[in-house]
Structures are given as C-alpha cells and as structure tokens.
Amino acid sequence: MLAPAQPGQRGEDEARRPALVHSRHGALTTRPGETLLDTLERHGHRVEFQCRSGYCGACRTPLLAGRVHYPEPPLAFVPPGQCLPCCCRPLGNVSLDLAHGD
C-alpha cells in the first residue's frame with residue numbers, strides 16, 4: 001500500500017517498532033520512534049532537507065512499498081507514492097527509491 005497512515009494511536013504505536021527501510025543500497029534498520037530521515041542519515045544517506053517538520057517538501061522521496069505515519073500532518077503536499085522522510089515514521093517495512101549517495 002502506498003498511502004500514508006491516518007493519524008491515530010494505532011499508527012503511532014506501530015511507528016515506534018523497529019522496521020527495515022529498503023533502498024537501492026540495501027536494508028537499513030530503524031530505531032524505535034526515529035523518523036525515516038534519522039534512519040537514512042544514521043546509515044550514511046545524504047537526503048536534501050530544509051525543515052525536519054514537514055513544511056517545505058525538499059526531502060520528498062518515492063515510496064515504492066509500505067506505509068508511513070505522520071505524527072503531525074505535514075504542511076507540504078505529499079502525492080501518492082511519495083513520503084517526507086523528515087517527519088514520517090515507517091509502519092513496518094518500507095521501500096524507498098534512494099541510492100546511498102542520495
């Protein structure tokens with residue numbers, strides 16, 4: 001499913017669990033409660049961002065598979081099949097269209 005999860009307790013609880021983030025570089029393990037951007041940076045990915053709050057959209061990334069949760073609704077437009085790593089958390093395993101140098 002390529003849609004963001006609706007706000008709510010279930011999504012927040014699920015987003016706190018470790019998950020795998022698949023990129024073109026390989027699988028990355030999340031830490032409970034961290035954003036996708038935190039996970040990507042911790043594993044050496046360089047993702048363009050300006051805010052870490054979901055209002056600019058500079059980090060917009062293709063979401064190939066899986067679902068994400070936004071604890072706070074982002075202000076930037078997020079089309080289907082994309083996510084804002086700066087402010088979302090994975091709901092289970094996700095796959096992003098990113099290479100290590102991105």
# chains A, B, ... in the order shown; residues from 1 in each chain; ligands from 1
call {"tool": "select_by_dssp", "arguments": {"residues": "chain A", "states": "strand (DSSP E)", "output": "PyMOL selection string"}}
result
chain A and resi 20-23+26-29+61-69+82-83+89-96
call {"tool": "select_by_dssp", "arguments": {"residues": "chain A", "states": "alpha helix (DSSP H)", "output": "PDB file with C-alpha atoms, in the first residue's frame"}}
result
ATOM      1  CA  GLN A   9      -2.863   5.901  18.323  1.00  0.00           C
ATOM      2  CA  ARG A  10      -2.581   2.636  16.351  1.00  0.00           C
ATOM      3  CA  GLY A  11      -0.293   4.256  13.775  1.00  0.00           C
ATOM      4  CA  GLU A  12       1.803   5.924  16.464  1.00  0.00           C
ATOM      5  CA  ASP A  13       2.240   2.627  18.324  1.00  0.00           C
ATOM      6  CA  GLU A  14       3.166   0.780  15.117  1.00  0.00           C
ATOM      7  CA  ALA A  15       5.616   3.548  14.116  1.00  0.00           C
ATOM      8  CA  LEU A  36      12.927   7.974   8.195  1.00  0.00           C
ATOM      9  CA  LEU A  37      15.350  10.881   7.762  1.00  0.00           C
ATOM     10  CA  ASP A  38      17.081   9.978  11.052  1.00  0.00           C
ATOM     11  CA  THR A  39      17.428   6.364   9.893  1.00  0.00           C
ATOM     12  CA  LEU A  40      18.749   7.363   6.466  1.00  0.00           C
ATOM     13  CA  GLU A  41      21.295   9.804   7.909  1.00  0.00           C
ATOM     14  CA  ARG A  42      22.472   7.294  10.514  1.00  0.00           C
TER      15      ARG A  42
END
call {"tool": "residues_around", "arguments": {"residues": "Phe49 of chain A", "least_positions_apart": "2", "cutoff": "12 Å", "atoms": "only C-alpha atoms", "output": "list in words"}}
result
Leu37, Asp38, Leu40, Glu41, His45, Arg46, Val47, Cys51, Arg52, Ser53, Gly54, Tyr55, Cys56, Gly57, Ala58, Cys59, Arg60, Thr61, Leu84, Pro85, Cys86, Cys87 and Asp102 of chain A
call {"tool": "write_last_selection", "arguments": {"atoms": "N, CA, C and O atoms", "output": "mmCIF file, in the first residue's frame"}}
result
data_model
loop_
_atom_site.group_PDB
_atom_site.id
_atom_site.type_symbol
_atom_site.label_atom_id
_atom_site.label_comp_id
_atom_site.auth_asym_id
_atom_site.auth_seq_id
_atom_site.Cartn_x
_atom_site.Cartn_y
_atom_site.Cartn_z
ATOM 1 N N LEU A 37 14.159 10.080 8.011
ATOM 2 C CA LEU A 37 15.350 10.881 7.762
ATOM 3 C C LEU A 37 16.446 10.530 8.767
ATOM 4 O O LEU A 37 17.611 10.382 8.395
ATOM 5 N N ASP A 38 16.095 10.370 10.038
ATOM 6 C CA ASP A 38 17.081 9.978 11.052
ATOM 7 C C ASP A 38 17.730 8.647 10.682
ATOM 8 O O ASP A 38 18.947 8.491 10.758
ATOM 9 N N LEU A 40 17.935 7.208 7.670
ATOM 10 C CA LEU A 40 18.749 7.363 6.466
ATOM 11 C C LEU A 40 20.077 8.038 6.779
ATOM 12 O O LEU A 40 21.132 7.585 6.328
ATOM 13 N N GLU A 41 20.056 9.100 7.562
ATOM 14 C CA GLU A 41 21.295 9.804 7.909
ATOM 15 C C GLU A 41 22.229 8.916 8.735
ATOM 16 O O GLU A 41 23.442 8.911 8.505
ATOM 17 N N HIS A 45 23.149 7.997 4.309
ATOM 18 C CA HIS A 45 22.453 8.618 3.179
ATOM 19 C C HIS A 45 22.453 10.134 3.374
ATOM 20 O O HIS A 45 22.287 10.623 4.494
ATOM 21 N N ARG A 46 22.612 10.845 2.287
ATOM 22 C CA ARG A 46 22.526 12.312 2.318
ATOM 23 C C ARG A 46 21.240 12.700 1.590
ATOM 24 O O ARG A 46 21.189 12.662 0.368
ATOM 25 N N VAL A 47 20.246 13.062 2.356
ATOM 26 C CA VAL A 47 18.950 13.442 1.800
ATOM 27 C C VAL A 47 18.802 14.957 1.962
ATOM 28 O O VAL A 47 19.023 15.497 3.049
ATOM 29 N N CYS A 51 13.747 21.353 6.690
ATOM 30 C CA CYS A 51 12.938 21.682 7.860
ATOM 31 C C CYS A 51 12.895 20.647 8.975
ATOM 32 O O CYS A 51 12.875 21.020 10.122
ATOM 33 N N ARG A 52 12.791 19.365 8.678
ATOM 34 C CA ARG A 52 12.542 18.295 9.652
ATOM 35 C C ARG A 52 11.156 18.398 10.286
ATOM 36 O O ARG A 52 10.884 17.782 11.300
ATOM 37 N N SER A 53 10.285 19.183 9.693
ATOM 38 C CA SER A 53 8.940 19.368 10.253
ATOM 39 C C SER A 53 7.826 19.156 9.237
ATOM 40 O O SER A 53 6.671 19.344 9.570
ATOM 41 N N GLY A 54 8.149 18.865 8.005
ATOM 42 C CA GLY A 54 7.131 18.581 7.007
ATOM 43 C C GLY A 54 6.497 19.779 6.349
ATOM 44 O O GLY A 54 5.426 19.678 5.777
ATOM 45 N N TYR A 55 7.166 20.937 6.389
ATOM 46 C CA TYR A 55 6.527 22.095 5.764
ATOM 47 C C TYR A 55 7.181 22.539 4.463
ATOM 48 O O TYR A 55 6.610 23.338 3.731
ATOM 49 N N CYS A 56 8.349 22.027 4.103
ATOM 50 C CA CYS A 56 8.975 22.531 2.876
ATOM 51 C C CYS A 56 8.914 21.543 1.708
ATOM 52 O O CYS A 56 8.895 21.963 0.567
ATOM 53 N N GLY A 57 8.941 20.257 1.969
ATOM 54 C CA GLY A 57 8.866 19.263 0.902
ATOM 55 C C GLY A 57 10.173 18.965 0.204
ATOM 56 O O GLY A 57 10.201 18.181 -0.744
ATOM 57 N N ALA A 58 11.303 19.545 0.657
ATOM 58 C CA ALA A 58 12.583 19.330 -0.019
ATOM 59 C C ALA A 58 13.040 17.876 0.031
ATOM 60 O O ALA A 58 13.749 17.419 -0.856
ATOM 61 N N CYS A 59 12.621 17.125 1.028
ATOM 62 C CA CYS A 59 13.072 15.732 1.172
ATOM 63 C C CYS A 59 12.133 14.731 0.511
ATOM 64 O O CYS A 59 12.326 13.523 0.645
ATOM 65 N N ARG A 60 11.128 15.191 -0.202
ATOM 66 C CA ARG A 60 10.135 14.297 -0.835
ATOM 67 C C ARG A 60 10.853 13.146 -1.538
ATOM 68 O O ARG A 60 11.773 13.355 -2.319
ATOM 69 N N THR A 61 10.449 11.919 -1.210
ATOM 70 C CA THR A 61 11.120 10.707 -1.675
ATOM 71 C C THR A 61 10.104 9.695 -2.182
ATOM 72 O O THR A 61 9.063 9.506 -1.543
ATOM 73 N N LEU A 84 7.603 12.147 3.038
ATOM 74 C CA LEU A 84 8.524 13.165 3.540
ATOM 75 C C LEU A 84 9.313 12.523 4.688
ATOM 76 O O LEU A 84 8.838 12.456 5.823
ATOM 77 N N PRO A 85 10.526 12.011 4.416
ATOM 78 C CA PRO A 85 11.300 11.329 5.452
ATOM 79 C C PRO A 85 11.580 12.179 6.681
ATOM 80 O O PRO A 85 11.791 11.646 7.763
ATOM 81 N N CYS A 86 11.566 13.504 6.537
ATOM 82 C CA CYS A 86 11.896 14.376 7.660
ATOM 83 C C CYS A 86 10.922 14.247 8.823
ATOM 84 O O CYS A 86 11.291 14.517 9.970
ATOM 85 N N CYS A 87 9.697 13.831 8.545
ATOM 86 C CA CYS A 87 8.694 13.847 9.615
ATOM 87 C C CYS A 87 7.815 12.614 9.671
ATOM 88 O O CYS A 87 6.843 12.586 10.411
ATOM 89 N N ASP A 102 22.293 9.548 -2.312
ATOM 90 C CA ASP A 102 21.165 10.497 -2.384
ATOM 91 C C ASP A 102 20.966 11.158 -1.041
ATOM 92 O O ASP A 102 21.236 10.642 -0.014
#
call {"tool": "residues_around", "arguments": {"residues": "Pro62 of chain A", "least_positions_apart": "2", "cutoff": "10 Å", "atoms": "only C-alpha atoms", "output": "PDB file with all heavy atoms, in the first residue's frame"}}
result
ATOM      1  N   LEU A   2       0.631   2.195  -0.833  1.00  0.00           N
ATOM      2  CA  LEU A   2       1.473   3.378  -0.965  1.00  0.00           C
ATOM      3  C   LEU A   2       0.832   4.626  -0.401  1.00  0.00           C
ATOM      4  O   LEU A   2       1.022   5.704  -0.911  1.00  0.00           O
ATOM      5  CB  LEU A   2       1.793   3.600  -2.445  1.00  0.00           C
ATOM      6  CG  LEU A   2       2.582   2.490  -3.101  1.00  0.00           C
ATOM      7  CD1 LEU A   2       2.754   2.771  -4.576  1.00  0.00           C
ATOM      8  CD2 LEU A   2       3.912   2.295  -2.442  1.00  0.00           C
ATOM      9  N   CYS A  59      12.621  17.125   1.028  1.00  0.00           N
ATOM     10  CA  CYS A  59      13.072  15.732   1.172  1.00  0.00           C
ATOM     11  C   CYS A  59      12.133  14.731   0.511  1.00  0.00           C
ATOM     12  O   CYS A  59      12.326  13.523   0.645  1.00  0.00           O
ATOM     13  CB  CYS A  59      13.231  15.390   2.655  1.00  0.00           C
ATOM     14  SG  CYS A  59      11.684  15.365   3.586  1.00  0.00           S
ATOM     15  N   ARG A  60      11.128  15.191  -0.202  1.00  0.00           N
ATOM     16  CA  ARG A  60      10.135  14.297  -0.835  1.00  0.00           C
ATOM     17  C   ARG A  60      10.853  13.146  -1.538  1.00  0.00           C
ATOM     18  O   ARG A  60      11.773  13.355  -2.319  1.00  0.00           O
ATOM     19  CB  ARG A  60       9.300  15.103  -1.821  1.00  0.00           C
ATOM     20  CG  ARG A  60       8.083  14.369  -2.331  1.00  0.00           C
ATOM     21  CD  ARG A  60       7.205  15.270  -3.172  1.00  0.00           C
ATOM     22  NE  ARG A  60       6.494  16.232  -2.341  1.00  0.00           N
ATOM     23  CZ  ARG A  60       6.701  17.549  -2.364  1.00  0.00           C
ATOM     24  NH1 ARG A  60       7.576  18.077  -3.176  1.00  0.00           N
ATOM     25  NH2 ARG A  60       6.015  18.350  -1.580  1.00  0.00           N
ATOM     26  N   LEU A  64       8.167   3.251  -2.616  1.00  0.00           N
ATOM     27  CA  LEU A  64       7.863   2.168  -3.543  1.00  0.00           C
ATOM     28  C   LEU A  64       6.941   1.111  -2.937  1.00  0.00           C
ATOM     29  O   LEU A  64       6.153   0.495  -3.647  1.00  0.00           O
ATOM     30  CB  LEU A  64       9.159   1.506  -4.024  1.00  0.00           C
ATOM     31  CG  LEU A  64      10.154   2.434  -4.716  1.00  0.00           C
ATOM     32  CD1 LEU A  64      11.431   1.677  -5.051  1.00  0.00           C
ATOM     33  CD2 LEU A  64       9.537   3.061  -5.949  1.00  0.00           C
ATOM     34  N   ALA A  65       7.077   0.883  -1.653  1.00  0.00           N
ATOM     35  CA  ALA A  65       6.253  -0.118  -0.973  1.00  0.00           C
ATOM     36  C   ALA A  65       6.207   0.195   0.509  1.00  0.00           C
ATOM     37  O   ALA A  65       7.131   0.790   1.058  1.00  0.00           O
ATOM     38  CB  ALA A  65       6.833  -1.514  -1.190  1.00  0.00           C
ATOM     39  N   PRO A  79       2.206  13.710  -2.618  1.00  0.00           N
ATOM     40  CA  PRO A  79       1.388  12.936  -3.560  1.00  0.00           C
ATOM     41  C   PRO A  79       1.464  11.442  -3.251  1.00  0.00           C
ATOM     42  O   PRO A  79       2.401  10.986  -2.590  1.00  0.00           O
ATOM     43  CB  PRO A  79       2.014  13.252  -4.915  1.00  0.00           C
ATOM     44  CG  PRO A  79       3.400  13.678  -4.622  1.00  0.00           C
ATOM     45  CD  PRO A  79       3.392  14.283  -3.247  1.00  0.00           C
ATOM     46  N   PRO A  80       0.500  10.690  -3.750  1.00  0.00           N
ATOM     47  CA  PRO A  80       0.546   9.229  -3.579  1.00  0.00           C
ATOM     48  C   PRO A  80       1.864   8.678  -4.126  1.00  0.00           C
ATOM     49  O   PRO A  80       2.374   9.140  -5.145  1.00  0.00           O
ATOM     50  CB  PRO A  80      -0.633   8.727  -4.407  1.00  0.00           C
ATOM     51  CG  PRO A  80      -1.563   9.898  -4.486  1.00  0.00           C
ATOM     52  CD  PRO A  80      -0.685  11.124  -4.497  1.00  0.00           C
ATOM     53  N   GLY A  81       2.427   7.707  -3.410  1.00  0.00           N
ATOM     54  CA  GLY A  81       3.673   7.090  -3.857  1.00  0.00           C
ATOM     55  C   GLY A  81       4.911   7.842  -3.430  1.00  0.00           C
ATOM     56  O   GLY A  81       6.014   7.519  -3.867  1.00  0.00           O
ATOM     57  N   GLN A  82       4.758   8.845  -2.569  1.00  0.00           N
ATOM     58  CA  GLN A  82       5.898   9.586  -2.049  1.00  0.00           C
ATOM     59  C   GLN A  82       5.730   9.772  -0.543  1.00  0.00           C
ATOM     60  O   GLN A  82       4.654   9.566  -0.001  1.00  0.00           O
ATOM     61  CB  GLN A  82       6.037  10.941  -2.741  1.00  0.00           C
ATOM     62  CG  GLN A  82       6.352  10.810  -4.205  1.00  0.00           C
ATOM     63  CD  GLN A  82       6.775  12.128  -4.831  1.00  0.00           C
ATOM     64  OE1 GLN A  82       6.730  13.185  -4.217  1.00  0.00           O
ATOM     65  NE2 GLN A  82       7.189  12.061  -6.079  1.00  0.00           N
ATOM     66  N   CYS A  83       6.823  10.173   0.110  1.00  0.00           N
ATOM     67  CA  CYS A  83       6.760  10.469   1.542  1.00  0.00           C
ATOM     68  C   CYS A  83       7.740  11.587   1.855  1.00  0.00           C
ATOM     69  O   CYS A  83       8.588  11.942   1.034  1.00  0.00           O
ATOM     70  CB  CYS A  83       7.078   9.224   2.371  1.00  0.00           C
ATOM     71  SG  CYS A  83       8.785   8.644   2.267  1.00  0.00           S
ATOM     72  N   LEU A  84       7.603  12.147   3.038  1.00  0.00           N
ATOM     73  CA  LEU A  84       8.524  13.165   3.540  1.00  0.00           C
ATOM     74  C   LEU A  84       9.313  12.523   4.688  1.00  0.00           C
ATOM     75  O   LEU A  84       8.838  12.456   5.823  1.00  0.00           O
ATOM     76  CB  LEU A  84       7.767  14.392   4.051  1.00  0.00           C
ATOM     77  CG  LEU A  84       6.957  15.172   3.029  1.00  0.00           C
ATOM     78  CD1 LEU A  84       6.211  16.326   3.701  1.00  0.00           C
ATOM     79  CD2 LEU A  84       7.843  15.687   1.911  1.00  0.00           C
ATOM     80  N   PRO A  85      10.526  12.011   4.416  1.00  0.00           N
ATOM     81  CA  PRO A  85      11.300  11.329   5.452  1.00  0.00           C
ATOM     82  C   PRO A  85      11.580  12.179   6.681  1.00  0.00           C
ATOM     83  O   PRO A  85      11.791  11.646   7.763  1.00  0.00           O
ATOM     84  CB  PRO A  85      12.609  10.963   4.753  1.00  0.00           C
ATOM     85  CG  PRO A  85      12.280  10.935   3.309  1.00  0.00           C
ATOM     86  CD  PRO A  85      11.204  11.975   3.122  1.00  0.00           C
ATOM     87  N   SER A  95       9.983   0.493   1.370  1.00  0.00           N
ATOM     88  CA  SER A  95      10.987   0.527   0.316  1.00  0.00           C
ATOM     89  C   SER A  95      10.974   1.915  -0.307  1.00  0.00           C
ATOM     90  O   SER A  95       9.931   2.409  -0.729  1.00  0.00           O
ATOM     91  CB  SER A  95      10.666  -0.539  -0.740  1.00  0.00           C
ATOM     92  OG  SER A  95      11.661  -0.548  -1.729  1.00  0.00           O
ATOM     93  N   LEU A  96      12.154   2.546  -0.337  1.00  0.00           N
ATOM     94  CA  LEU A  96      12.323   3.898  -0.879  1.00  0.00           C
ATOM     95  C   LEU A  96      13.205   3.850  -2.114  1.00  0.00           C
ATOM     96  O   LEU A  96      14.117   3.027  -2.200  1.00  0.00           O
ATOM     97  CB  LEU A  96      12.973   4.818   0.164  1.00  0.00           C
ATOM     98  CG  LEU A  96      12.275   4.932   1.505  1.00  0.00           C
ATOM     99  CD1 LEU A  96      13.121   5.791   2.446  1.00  0.00           C
ATOM    100  CD2 LEU A  96      10.890   5.497   1.357  1.00  0.00           C
ATOM    101  N   ASP A  97      12.969   4.744  -3.051  1.00  0.00           N
ATOM    102  CA  ASP A  97      13.791   4.830  -4.253  1.00  0.00           C
ATOM    103  C   ASP A  97      14.933   5.796  -3.971  1.00  0.00           C
ATOM    104  O   ASP A  97      14.917   6.952  -4.392  1.00  0.00           O
ATOM    105  CB  ASP A  97      12.954   5.286  -5.438  1.00  0.00           C
ATOM    106  CG  ASP A  97      13.725   5.203  -6.751  1.00  0.00           C
ATOM    107  OD1 ASP A  97      14.802   4.567  -6.767  1.00  0.00           O
ATOM    108  OD2 ASP A  97      13.246   5.757  -7.740  1.00  0.00           O
ATOM    109  N   LEU A  98      15.942   5.304  -3.240  1.00  0.00           N
ATOM    110  CA  LEU A  98      17.118   6.104  -2.877  1.00  0.00           C
ATOM    111  C   LEU A  98      18.369   5.277  -3.065  1.00  0.00           C
ATOM    112  O   LEU A  98      18.389   4.088  -2.764  1.00  0.00           O
ATOM    113  CB  LEU A  98      17.079   6.483  -1.390  1.00  0.00           C
ATOM    114  CG  LEU A  98      16.172   7.596  -0.942  1.00  0.00           C
ATOM    115  CD1 LEU A  98      16.219   7.707   0.576  1.00  0.00           C
ATOM    116  CD2 LEU A  98      16.583   8.906  -1.554  1.00  0.00           C
TER     117      LEU A  98
END
call {"tool": "closest_residue", "arguments": {"among": "A:Cys88, A:Val68, A:Ala76, A:Leu63", "to": "His22 of chain A", "atoms": "only C-alpha atoms"}}
result
A:Leu63
